[in-house]
>>> print(open('work.cif').read())   # mmCIF, C-alpha atoms
data_upload
loop_
_atom_site.group_PDB
_atom_site.id
_atom_site.type_symbol
_atom_site.label_atom_id
_atom_site.label_comp_id
_atom_site.auth_asym_id
_atom_site.auth_seq_id
_atom_site.Cartn_x
_atom_site.Cartn_y
_atom_site.Cartn_z
ATOM 1 C CA MET A 1 -3.674 -8.491 27.259
ATOM 2 C CA GLY A 2 -4.728 -7.762 23.683
ATOM 3 C CA VAL A 3 -3.954 -9.332 20.348
ATOM 4 C CA TYR A 4 -2.178 -7.627 17.468
ATOM 5 C CA ALA A 5 -2.678 -9.414 14.115
ATOM 6 C CA TYR A 6 -0.275 -9.298 11.162
ATOM 7 C CA CYS A 7 -1.749 -11.614 8.567
ATOM 8 C CA LEU A 8 -4.003 -14.570 7.986
ATOM 9 C CA GLY A 9 -3.261 -17.843 6.200
ATOM 10 C CA GLN A 10 -5.071 -21.036 5.396
ATOM 11 C CA ALA A 11 -4.830 -24.060 7.686
ATOM 12 C CA GLY A 12 -1.386 -25.527 7.137
ATOM 13 C CA HIS A 13 0.291 -22.155 6.752
ATOM 14 C CA PRO A 14 3.819 -22.431 8.230
ATOM 15 C CA GLU A 15 4.414 -21.559 11.880
ATOM 16 C CA PRO A 16 6.298 -18.303 12.480
ATOM 17 C CA PRO A 17 10.023 -18.713 13.054
ATOM 18 C CA PRO A 18 11.523 -17.130 16.184
ATOM 19 C CA LEU A 19 10.759 -13.520 15.327
ATOM 20 C CA GLU A 20 10.226 -10.182 17.036
ATOM 21 C CA GLY A 21 7.146 -8.286 15.995
ATOM 22 C CA VAL A 22 5.928 -4.816 16.938
ATOM 23 C CA GLU A 23 7.050 -3.623 20.373
ATOM 24 C CA GLN A 24 9.669 -6.449 20.243
ATOM 25 C CA ALA A 25 6.932 -8.936 21.113
ATOM 26 C CA PRO A 26 7.278 -12.560 19.987
ATOM 27 C CA VAL A 27 5.192 -13.624 17.020
ATOM 28 C CA MET A 28 3.013 -16.716 17.363
ATOM 29 C CA ALA A 29 0.344 -18.561 15.427
ATOM 30 C CA ALA A 30 -3.306 -18.570 16.479
ATOM 31 C CA ARG A 31 -5.340 -21.370 14.904
ATOM 32 C CA ILE A 32 -8.963 -20.379 14.498
ATOM 33 C CA ASP A 33 -11.307 -22.580 12.482
ATOM 34 C CA ASP A 34 -9.550 -23.234 9.186
ATOM 35 C CA PHE A 35 -7.336 -20.134 9.498
ATOM 36 C CA VAL A 36 -3.891 -19.500 10.912
ATOM 37 C CA VAL A 37 -3.279 -15.952 12.123
ATOM 38 C CA TRP A 38 0.186 -14.612 12.936
ATOM 39 C CA ILE A 39 -0.191 -12.509 16.081
ATOM 40 C CA SER A 40 1.606 -10.908 18.999
ATOM 41 C CA GLU A 41 0.096 -10.536 22.453
ATOM 42 C CA LEU A 42 0.566 -6.998 23.787
ATOM 43 C CA GLU A 43 -0.510 -4.948 26.768
ATOM 44 C CA LYS A 44 -1.738 -2.125 24.512
ATOM 45 C CA MET A 45 -2.116 -1.091 20.914
ATOM 46 C CA PRO A 46 1.375 -0.337 19.511
ATOM 47 C CA THR A 47 2.377 3.243 18.806
ATOM 48 C CA PRO A 48 2.176 3.949 15.082
ATOM 49 C CA ASP A 49 5.612 5.072 13.988
ATOM 50 C CA LEU A 50 7.902 4.153 11.133
ATOM 51 C CA ALA A 51 9.803 1.574 13.191
ATOM 52 C CA ALA A 52 6.555 -0.216 14.042
ATOM 53 C CA ILE A 53 5.413 -0.106 10.429
ATOM 54 C CA ARG A 54 8.685 -1.644 9.284
ATOM 55 C CA ARG A 55 8.416 -4.328 11.968
ATOM 56 C CA HIS A 56 4.843 -5.121 10.956
ATOM 57 C CA ASN A 57 5.890 -5.507 7.341
ATOM 58 C CA ALA A 58 8.923 -7.643 8.251
ATOM 59 C CA VAL A 59 6.616 -10.123 9.987
ATOM 60 C CA VAL A 60 4.202 -10.199 7.057
ATOM 61 C CA GLU A 61 7.079 -10.695 4.624
ATOM 62 C CA ALA A 62 8.361 -13.597 6.713
ATOM 63 C CA ALA A 63 4.888 -15.134 6.539
ATOM 64 C CA THR A 64 4.925 -14.691 2.754
ATOM 65 C CA GLU A 65 8.235 -16.475 2.185
ATOM 66 C CA GLN A 66 6.677 -19.858 1.419
ATOM 67 C CA GLU A 67 2.953 -19.267 1.019
ATOM 68 C CA THR A 68 0.961 -16.124 0.444
ATOM 69 C CA PRO A 69 -1.201 -14.978 3.381
ATOM 70 C CA LEU A 70 -3.740 -12.165 3.489
ATOM 71 C CA PRO A 71 -1.735 -9.290 4.946
ATOM 72 C CA PHE A 72 -3.436 -6.982 7.418
ATOM 73 C CA ARG A 73 -2.630 -3.287 7.403
ATOM 74 C CA PHE A 74 -0.961 -1.817 10.470
ATOM 75 C CA GLY A 75 -3.139 -1.514 13.554
ATOM 76 C CA GLN A 76 -5.343 -4.631 13.583
ATOM 77 C CA TRP A 77 -5.986 -4.755 17.302
ATOM 78 C CA PHE A 78 -8.322 -7.017 19.260
ATOM 79 C CA GLY A 79 -9.055 -6.904 22.963
ATOM 80 C CA SER A 80 -8.664 -10.673 23.316
ATOM 81 C CA ARG A 81 -8.399 -13.891 21.311
ATOM 82 C CA HIS A 82 -12.182 -14.195 21.636
ATOM 83 C CA GLU A 83 -12.603 -10.872 19.862
ATOM 84 C CA LEU A 84 -10.259 -12.016 17.107
ATOM 85 C CA ARG A 85 -12.180 -15.265 16.761
ATOM 86 C CA ASP A 86 -15.525 -13.456 16.571
ATOM 87 C CA SER A 87 -14.176 -11.098 13.921
ATOM 88 C CA LEU A 88 -12.937 -13.993 11.789
ATOM 89 C CA HIS A 89 -16.234 -15.838 12.200
ATOM 90 C CA ASP A 90 -18.117 -12.789 10.961
ATOM 91 C CA ARG A 91 -15.942 -12.472 7.858
ATOM 92 C CA HIS A 92 -15.182 -16.154 7.249
ATOM 93 C CA ASP A 93 -16.558 -16.456 3.722
ATOM 94 C CA GLN A 94 -15.091 -13.159 2.543
ATOM 95 C CA LEU A 95 -11.656 -13.986 3.954
ATOM 96 C CA THR A 96 -11.715 -17.471 2.436
ATOM 97 C CA ARG A 97 -12.556 -15.972 -0.944
ATOM 98 C CA GLN A 98 -9.718 -13.436 -0.668
ATOM 99 C CA LEU A 99 -7.217 -16.081 0.442
ATOM 100 C CA ARG A 100 -8.112 -18.121 -2.607
ATOM 101 C CA GLN A 101 -7.598 -15.064 -4.803
ATOM 102 C CA VAL A 102 -4.047 -14.344 -3.584
ATOM 103 C CA HIS A 103 -2.965 -17.985 -3.266
ATOM 104 C CA GLY A 104 0.405 -18.518 -4.962
ATOM 105 C CA ALA A 105 0.703 -14.869 -6.000
ATOM 106 C CA LEU A 106 2.615 -11.755 -4.973
ATOM 107 C CA GLU A 107 1.986 -8.049 -5.426
ATOM 108 C CA TYR A 108 4.046 -5.717 -7.590
ATOM 109 C CA GLY A 109 3.681 -1.968 -7.563
ATOM 110 C CA VAL A 110 3.867 0.515 -10.405
ATOM 111 C CA ARG A 111 3.833 4.235 -9.589
ATOM 112 C CA ILE A 112 3.595 6.543 -12.588
ATOM 113 C CA LEU A 113 4.939 10.067 -12.095
ATOM 114 C CA ASP A 114 4.773 13.120 -14.316
ATOM 115 C CA PRO A 115 7.900 15.203 -13.587
ATOM 116 C CA ALA A 116 6.454 18.105 -15.607
ATOM 117 C CA HIS A 117 3.392 18.373 -13.366
ATOM 118 C CA GLN A 118 2.884 21.936 -12.153
ATOM 119 C CA PRO A 119 -0.320 22.712 -10.255
ATOM 120 C CA PRO A 120 -1.821 26.169 -10.848
ATOM 121 C CA ALA A 121 -0.570 28.554 -8.167
ATOM 122 C CA ALA A 122 -3.220 29.719 -5.704
ATOM 123 C CA ASP A 123 -4.342 33.228 -6.729
ATOM 124 C CA ARG A 124 -6.010 34.981 -3.786
ATOM 125 C CA SER A 125 -6.030 38.447 -5.313
ATOM 126 C CA SER A 126 -9.813 38.296 -5.668
ATOM 127 C CA GLY A 127 -12.695 35.947 -5.098
ATOM 128 C CA THR A 128 -13.044 35.295 -8.815
ATOM 129 C CA ALA A 129 -9.335 34.535 -9.256
ATOM 130 C CA TYR A 130 -9.471 32.187 -6.287
ATOM 131 C CA LEU A 131 -12.429 30.261 -7.701
ATOM 132 C CA GLU A 132 -10.744 30.083 -11.108
ATOM 133 C CA THR A 133 -7.693 28.504 -9.483
ATOM 134 C CA LEU A 134 -9.893 25.885 -7.858
ATOM 135 C CA ALA A 135 -11.602 25.164 -11.182
ATOM 136 C CA LEU A 136 -8.246 24.842 -12.969
ATOM 137 C CA ARG A 137 -6.978 22.447 -10.342
ATOM 138 C CA ALA A 138 -10.111 20.345 -10.529
ATOM 139 C CA ARG A 139 -9.832 20.162 -14.322
ATOM 140 C CA GLN A 140 -6.177 19.173 -14.148
ATOM 141 C CA ASP A 141 -7.021 16.453 -11.622
ATOM 142 C CA GLU A 142 -9.700 15.100 -13.934
ATOM 143 C CA LEU A 143 -7.305 14.993 -16.888
ATOM 144 C CA ASP A 144 -4.589 13.303 -14.819
ATOM 145 C CA GLU A 145 -7.070 10.759 -13.520
ATOM 146 C CA GLU A 146 -8.262 9.951 -17.034
ATOM 147 C CA ARG A 147 -4.676 9.655 -18.273
ATOM 148 C CA GLY A 148 -3.736 7.429 -15.332
ATOM 149 C CA ARG A 149 -6.585 5.049 -15.972
ATOM 150 C CA GLU A 150 -5.737 4.867 -19.687
ATOM 151 C CA ILE A 151 -2.085 4.042 -19.010
ATOM 152 C CA ALA A 152 -3.035 1.486 -16.354
ATOM 153 C CA ALA A 153 -5.401 -0.204 -18.810
ATOM 154 C CA ALA A 154 -2.710 -0.215 -21.510
ATOM 155 C CA LEU A 155 -0.222 -1.737 -19.073
ATOM 156 C CA ARG A 156 -2.677 -4.410 -18.023
ATOM 157 C CA ALA A 157 -3.315 -5.246 -21.695
ATOM 158 C CA ALA A 158 0.433 -5.396 -22.421
ATOM 159 C CA LEU A 159 1.009 -7.793 -19.526
ATOM 160 C CA GLY A 160 -1.939 -10.008 -20.478
ATOM 161 C CA PRO A 161 -2.299 -13.195 -18.434
ATOM 162 C CA LEU A 162 0.839 -12.404 -16.406
ATOM 163 C CA VAL A 163 -1.408 -10.259 -14.207
ATOM 164 C CA ARG A 164 -4.054 -12.147 -12.275
ATOM 165 C CA ASP A 165 -5.727 -8.990 -10.974
ATOM 166 C CA HIS A 166 -4.954 -5.302 -10.523
ATOM 167 C CA ARG A 167 -5.948 -2.254 -8.497
ATOM 168 C CA VAL A 168 -5.563 1.305 -9.746
ATOM 169 C CA ARG A 169 -5.601 4.494 -7.684
ATOM 170 C CA THR A 170 -5.311 7.978 -9.058
ATOM 171 C CA VAL A 171 -3.835 10.370 -6.546
ATOM 172 C CA GLY A 172 -2.996 13.685 -8.191
ATOM 173 C CA GLY A 173 -0.079 15.967 -7.353
ATOM 174 C CA GLY A 174 2.158 14.648 -10.123
ATOM 175 C CA THR A 175 1.385 11.025 -9.404
ATOM 176 C CA ILE A 176 -0.603 9.941 -12.430
ATOM 177 C CA ALA A 177 -1.494 6.549 -10.966
ATOM 178 C CA THR A 178 -0.466 3.921 -8.473
ATOM 179 C CA ILE A 179 -1.099 0.378 -9.622
ATOM 180 C CA ALA A 180 -0.939 -2.928 -7.758
ATOM 181 C CA HIS A 181 -0.562 -6.089 -9.842
ATOM 182 C CA LEU A 182 -1.200 -9.579 -8.534
ATOM 183 C CA VAL A 183 1.306 -11.905 -10.237
ATOM 184 C CA ASP A 184 1.838 -15.659 -9.917
ATOM 185 C CA ARG A 185 5.098 -16.454 -8.119
ATOM 186 C CA HIS A 186 6.416 -18.472 -11.047
ATOM 187 C CA ASP A 187 5.797 -15.605 -13.500
ATOM 188 C CA THR A 188 7.820 -12.919 -11.744
ATOM 189 C CA GLY A 189 10.778 -13.042 -14.153
ATOM 190 C CA ASN A 190 8.584 -12.512 -17.199
ATOM 191 C CA TYR A 191 6.715 -9.738 -15.409
ATOM 192 C CA ASP A 192 9.973 -7.921 -14.706
ATOM 193 C CA LEU A 193 10.936 -7.914 -18.383
ATOM 194 C CA ARG A 194 7.533 -6.835 -19.654
ATOM 195 C CA VAL A 195 6.967 -3.915 -17.288
ATOM 196 C CA ARG A 196 10.423 -2.501 -17.996
ATOM 197 C CA GLU A 197 9.699 -2.696 -21.709
ATOM 198 C CA PHE A 198 6.352 -0.928 -21.251
ATOM 199 C CA GLY A 199 7.919 1.961 -19.337
ATOM 200 C CA THR A 200 10.238 2.830 -22.215
ATOM 201 C CA GLY A 201 7.213 3.672 -24.366
ATOM 202 C CA TRP A 202 6.387 6.740 -22.223
ATOM 203 C CA PRO A 203 9.580 8.813 -22.119
ATOM 204 C CA GLU A 204 7.825 11.886 -20.658
ATOM 205 C CA LEU A 205 6.766 9.929 -17.563
ATOM 206 C CA ARG A 206 8.687 8.182 -14.828
ATOM 207 C CA PHE A 207 7.735 4.642 -13.844
ATOM 208 C CA LEU A 208 8.717 3.311 -10.423
ATOM 209 C CA PHE A 209 8.437 -0.446 -10.186
ATOM 210 C CA THR A 210 8.658 -2.207 -6.818
ATOM 211 C CA GLY A 211 8.099 -5.703 -5.597
ATOM 212 C CA PRO A 212 7.468 -8.355 -4.735
ATOM 213 C CA TRP A 213 5.248 -7.342 -1.832
ATOM 214 C CA PRO A 214 2.734 -9.240 0.253
ATOM 215 C CA PRO A 215 -0.611 -8.551 -1.439
ATOM 216 C CA TYR A 216 -1.682 -5.625 0.756
ATOM 217 C CA GLY A 217 -3.548 -4.034 -2.114
ATOM 218 C CA PHE A 218 -5.878 -6.999 -2.471
ATOM 219 C CA MET A 219 -7.011 -7.240 1.148
ATOM 220 C CA GLU A 220 -10.371 -5.544 1.482
ATOM 221 C CA MET B 1 11.323 -9.217 0.046
ATOM 222 C CA ALA B 2 10.619 -5.798 -1.502
ATOM 223 C CA ASP B 3 12.788 -4.639 -4.385
ATOM 224 C CA ALA B 4 14.148 -8.061 -5.163
ATOM 225 C CA LEU B 5 13.485 -7.375 -8.809
ATOM 226 C CA PHE B 6 13.594 -3.611 -8.993
ATOM 227 C CA PRO B 7 16.388 -2.035 -7.015
ATOM 228 C CA HIS B 8 15.391 1.439 -5.837
ATOM 229 C CA ASP B 9 16.662 3.799 -3.243
ATOM 230 C CA GLU B 10 15.420 3.927 0.323
ATOM 231 C CA ARG B 11 13.006 6.811 -0.353
ATOM 232 C CA VAL B 12 11.017 4.844 -2.901
ATOM 233 C CA ARG B 13 10.950 1.791 -0.677
ATOM 234 C CA LEU B 14 9.675 3.889 2.232
ATOM 235 C CA VAL B 15 6.948 5.538 0.157
ATOM 236 C CA GLU B 16 5.740 2.195 -1.107
ATOM 237 C CA LEU B 17 5.925 0.591 2.320
ATOM 238 C CA VAL B 18 3.944 3.331 4.037
ATOM 239 C CA ASP B 19 1.431 3.423 1.206
ATOM 240 C CA ARG B 20 0.753 -0.273 1.591
ATOM 241 C CA VAL B 21 0.942 -0.866 5.312
ATOM 242 C CA LEU B 22 -1.018 2.204 6.434
ATOM 243 C CA ASP B 23 -4.463 3.402 5.602
ATOM 244 C CA ARG B 24 -4.483 7.116 4.907
ATOM 245 C CA GLY B 25 -5.474 9.261 7.843
ATOM 246 C CA VAL B 26 -3.589 7.174 10.387
ATOM 247 C CA VAL B 27 -1.795 9.291 12.980
ATOM 248 C CA LEU B 28 1.962 8.876 12.806
ATOM 249 C CA ARG B 29 4.996 10.171 14.607
ATOM 250 C CA GLY B 30 7.497 11.677 12.206
ATOM 251 C CA ASP B 31 8.198 14.804 10.237
ATOM 252 C CA VAL B 32 9.367 14.256 6.707
ATOM 253 C CA VAL B 33 8.342 14.887 3.124
ATOM 254 C CA ILE B 34 9.294 12.048 0.829
ATOM 255 C CA SER B 35 9.980 13.139 -2.747
ATOM 256 C CA VAL B 36 10.916 11.255 -5.877
ATOM 257 C CA ALA B 37 11.740 12.862 -9.219
ATOM 258 C CA GLY B 38 10.997 16.262 -7.736
ATOM 259 C CA ILE B 39 7.477 15.254 -6.740
ATOM 260 C CA ASP B 40 6.406 15.223 -3.107
ATOM 261 C CA LEU B 41 4.673 11.922 -2.507
ATOM 262 C CA VAL B 42 4.119 11.483 1.214
ATOM 263 C CA TYR B 43 4.113 13.963 4.067
ATOM 264 C CA LEU B 44 4.528 12.765 7.631
ATOM 265 C CA GLU B 45 3.918 15.532 10.111
ATOM 266 C CA LEU B 46 4.785 15.230 13.787
ATOM 267 C CA HIS B 47 1.829 13.731 15.664
ATOM 268 C CA LEU B 48 -0.535 14.773 12.889
ATOM 269 C CA LEU B 49 -1.434 12.508 10.037
ATOM 270 C CA LEU B 50 -0.341 10.675 6.966
ATOM 271 C CA SER B 51 -1.707 12.268 3.835
ATOM 272 C CA ALA B 52 -0.971 12.636 0.173
ATOM 273 C CA VAL B 53 0.691 16.001 -0.451
ATOM 274 C CA GLU B 54 -1.989 16.898 -2.942
ATOM 275 C CA THR B 55 -4.657 16.444 -0.264
ATOM 276 C CA LEU B 56 -2.846 18.842 2.043
ATOM 277 C CA GLU B 57 -2.473 21.363 -0.775
ATOM 278 C CA ARG B 58 -6.190 21.213 -1.456
ATOM 279 C CA ARG B 59 -6.955 21.777 2.206
ATOM 280 C CA ARG B 60 -4.663 24.789 2.271
ATOM 281 C CA ILE B 61 -6.267 26.344 -0.780
ATOM 282 C CA GLN B 62 -9.806 25.681 0.409
ATOM 283 C CA ASP B 63 -9.119 26.847 3.930
ATOM 284 C CA PRO B 64 -6.479 29.562 3.637
ATOM 285 C CA GLY B 65 -6.865 30.287 7.328
#
>>> encode(input="work.cif", output="structure tokens")
Amino acid sequence: MGVYAYCLGQAGHPEPPPLEGVEQAPVMAARIDDFVVWISELEKMPTPDLAAIRRHNAVVEAATEQETPLPFRFGQWFGSRHELRDSLHDRHDQLTRQLRQVHGALEYGVRILDPAHQPPAADRSSGTAYLETLALRARQDELDEERGREIAAALRAALGPLVRDHRVRTVGGGTIATIAHLVDRHDTGNYDLRVREFGTGWPELRFLFTGPWPPYGFME
Amino acid sequence: MADALFPHDERVRLVELVDRVLDRGVVLRGDVVISVAGIDLVYLELHLLLSAVETLERRRIQDPG
């Protein structure tokens, strides 16, 4: 019997309500040192499919209702509770630091898209043309990355102290940037207003705002 | 919990969910390209892998087969 872990909270984190996790397994709390881990006990590692991903997230969201835990990504599997305990021991200080960072906060996502993005078509008519296509693509990626980081920095500046921390990824392919903001729970209304206002300043781009989420982006 | 403030359609919610809950490179069962605003964001190929579309495009161009 192995252990599947969803998220980790500080001592005193609420017990899970009656809840089905991945593979319809019951969710329970494991108390290890000064941590509480929401887990399910399973015969084997769950199959990664969309249903399991949704179930994983539903459990983590339930754990986030009252207090913010450190959410694990899908697939945190341990052969036994001893293995889970050893893993937490090894990372105790790092996990404590990260729990402190996300305490009382939630994650919001901003995805910035460029609908006009058109990658250079692959030209395989000759070796030179092929290499030129690669060079063009690389240059376009660099420009998009630079632009994404500039917009993310401008957004962070516009939101000021509303954002406790942020993570920026540049992806390419018409996605200029994906940004995760860590926002205090009591500031979410103000955050909503400010990010909408910021998006109107870039009419050529499309901003997708989502949240609140458990702070997946801040779990390292 | 998601989208309490920003109502979006199911495609956006799915993209954001998968992006958060999975690390890239994880093997998934599924077969779907998720697009928003005409841009392909996530490609789930049957029993293959989760990858950004751009990454797949790069692989195709670098390894035309």
>>> residues_around(input="work.cif", residues="segment 28-32 of chain A", least_positions_apart="2", cutoff="12 Å", atoms="all atoms listed in the file", output="count of residues only")
43
>>> atom_distance(input="work.cif", atom1="atom CA of Glu65 of chain A", atom2="atom CA of Thr96 of chain A")
20.0 Å
>>> residues_around(input="work.cif", residues="segment 198-200 of chain A", least_positions_apart="5", cutoff="10 Å", atoms="all atoms listed in the file", output="list of chain:residue names")
A:Val110, A:Ile112, A:Ala154, A:Leu155, A:Ala158, A:Leu159, A:Leu193, A:Leu205, A:Arg206, A:Phe207, A:Leu208, A:Phe209
>>> atom_distance(input="work.cif", atom1="atom CA of Arg100 of chain A", atom2="atom CA of Gly217 of chain A")
14.8 Å
>>> residues_around(input="work.cif", residues="Pro203 of chain A", least_positions_apart="5", cutoff="12 Å", atoms="only C-alpha atoms", output="ChimeraX atom specification")
/A:112-116,197-198
>>> resolve_selection(input="work.cif", expression="the PyMOL selection byres ((chain A and resi 179) around 7)", output="number ranges by chain")
A: 109-111, 166-169, 177-178, 180-181
>>> resolve_selection(input="work.cif", expression="the PyMOL selection byres ((chain A) within 7 of (chain B))", output="list in words")
Pro48, Asp49, Ile53, Glu61, Arg73, Phe74, Pro115, Ala122, Gly172, Gly173, Gly174, Asp192, Phe209, Thr210, Gly211, Pro212, Trp213, Tyr216 and Gly217 of chain A
>>> atom_distance(input="work.cif", atom1="atom CA of Gln101 of chain A", atom2="atom CA of Arg156 of chain A")
17.7 Å
>>> residues_around(input="work.cif", residues="Asp123 of chain A", least_positions_apart="5", cutoff="8 Å", atoms="all atoms listed in the file", output="list of chain:residue names")
A:Ala129, A:Tyr130, A:Thr133
>>> closest_residue(input="work.cif", among="A:Asp165, A:Glu23, A:Glu220, A:Asp144", to="His56 of chain A", atoms="all atoms listed in the file")
A:Glu23
>>> residues_near_point(input="work.cif", point="(4.3, -11.3, -21.7)", cutoff="10 Å", atoms="all atoms listed in the file", output="PDB file with C-alpha atoms, in the frame of the given file")
ATOM      1  CA  ALA A 157      -3.315  -5.246 -21.695  1.00  0.00           C
ATOM      2  CA  ALA A 158       0.433  -5.396 -22.421  1.00  0.00           C
ATOM      3  CA  LEU A 159       1.009  -7.793 -19.526  1.00  0.00           C
ATOM      4  CA  GLY A 160      -1.939 -10.008 -20.478  1.00  0.00           C
ATOM      5  CA  PRO A 161      -2.299 -13.195 -18.434  1.00  0.00           C
ATOM      6  CA  LEU A 162       0.839 -12.404 -16.406  1.00  0.00           C
ATOM      7  CA  VAL A 163      -1.408 -10.259 -14.207  1.00  0.00           C
ATOM      8  CA  ASP A 187       5.797 -15.605 -13.500  1.00  0.00           C
ATOM      9  CA  ASN A 190       8.584 -12.512 -17.199  1.00  0.00           C
ATOM     10  CA  TYR A 191       6.715  -9.738 -15.409  1.00  0.00           C
ATOM     11  CA  ASP A 192       9.973  -7.921 -14.706  1.00  0.00           C
ATOM     12  CA  LEU A 193      10.936  -7.914 -18.383  1.00  0.00           C
ATOM     13  CA  ARG A 194       7.533  -6.835 -19.654  1.00  0.00           C
ATOM     14  CA  VAL A 195       6.967  -3.915 -17.288  1.00  0.00           C
TER      15      VAL A 195
END
>>> residues_around(input="work.cif", residues="Met45 of chain A", least_positions_apart="2", cutoff="8 Å", atoms="all atoms listed in the file", output="list of chain:residue names")
A:Gly2, A:Tyr4, A:Leu42, A:Glu43, A:Thr47, A:Gly75, A:Trp77
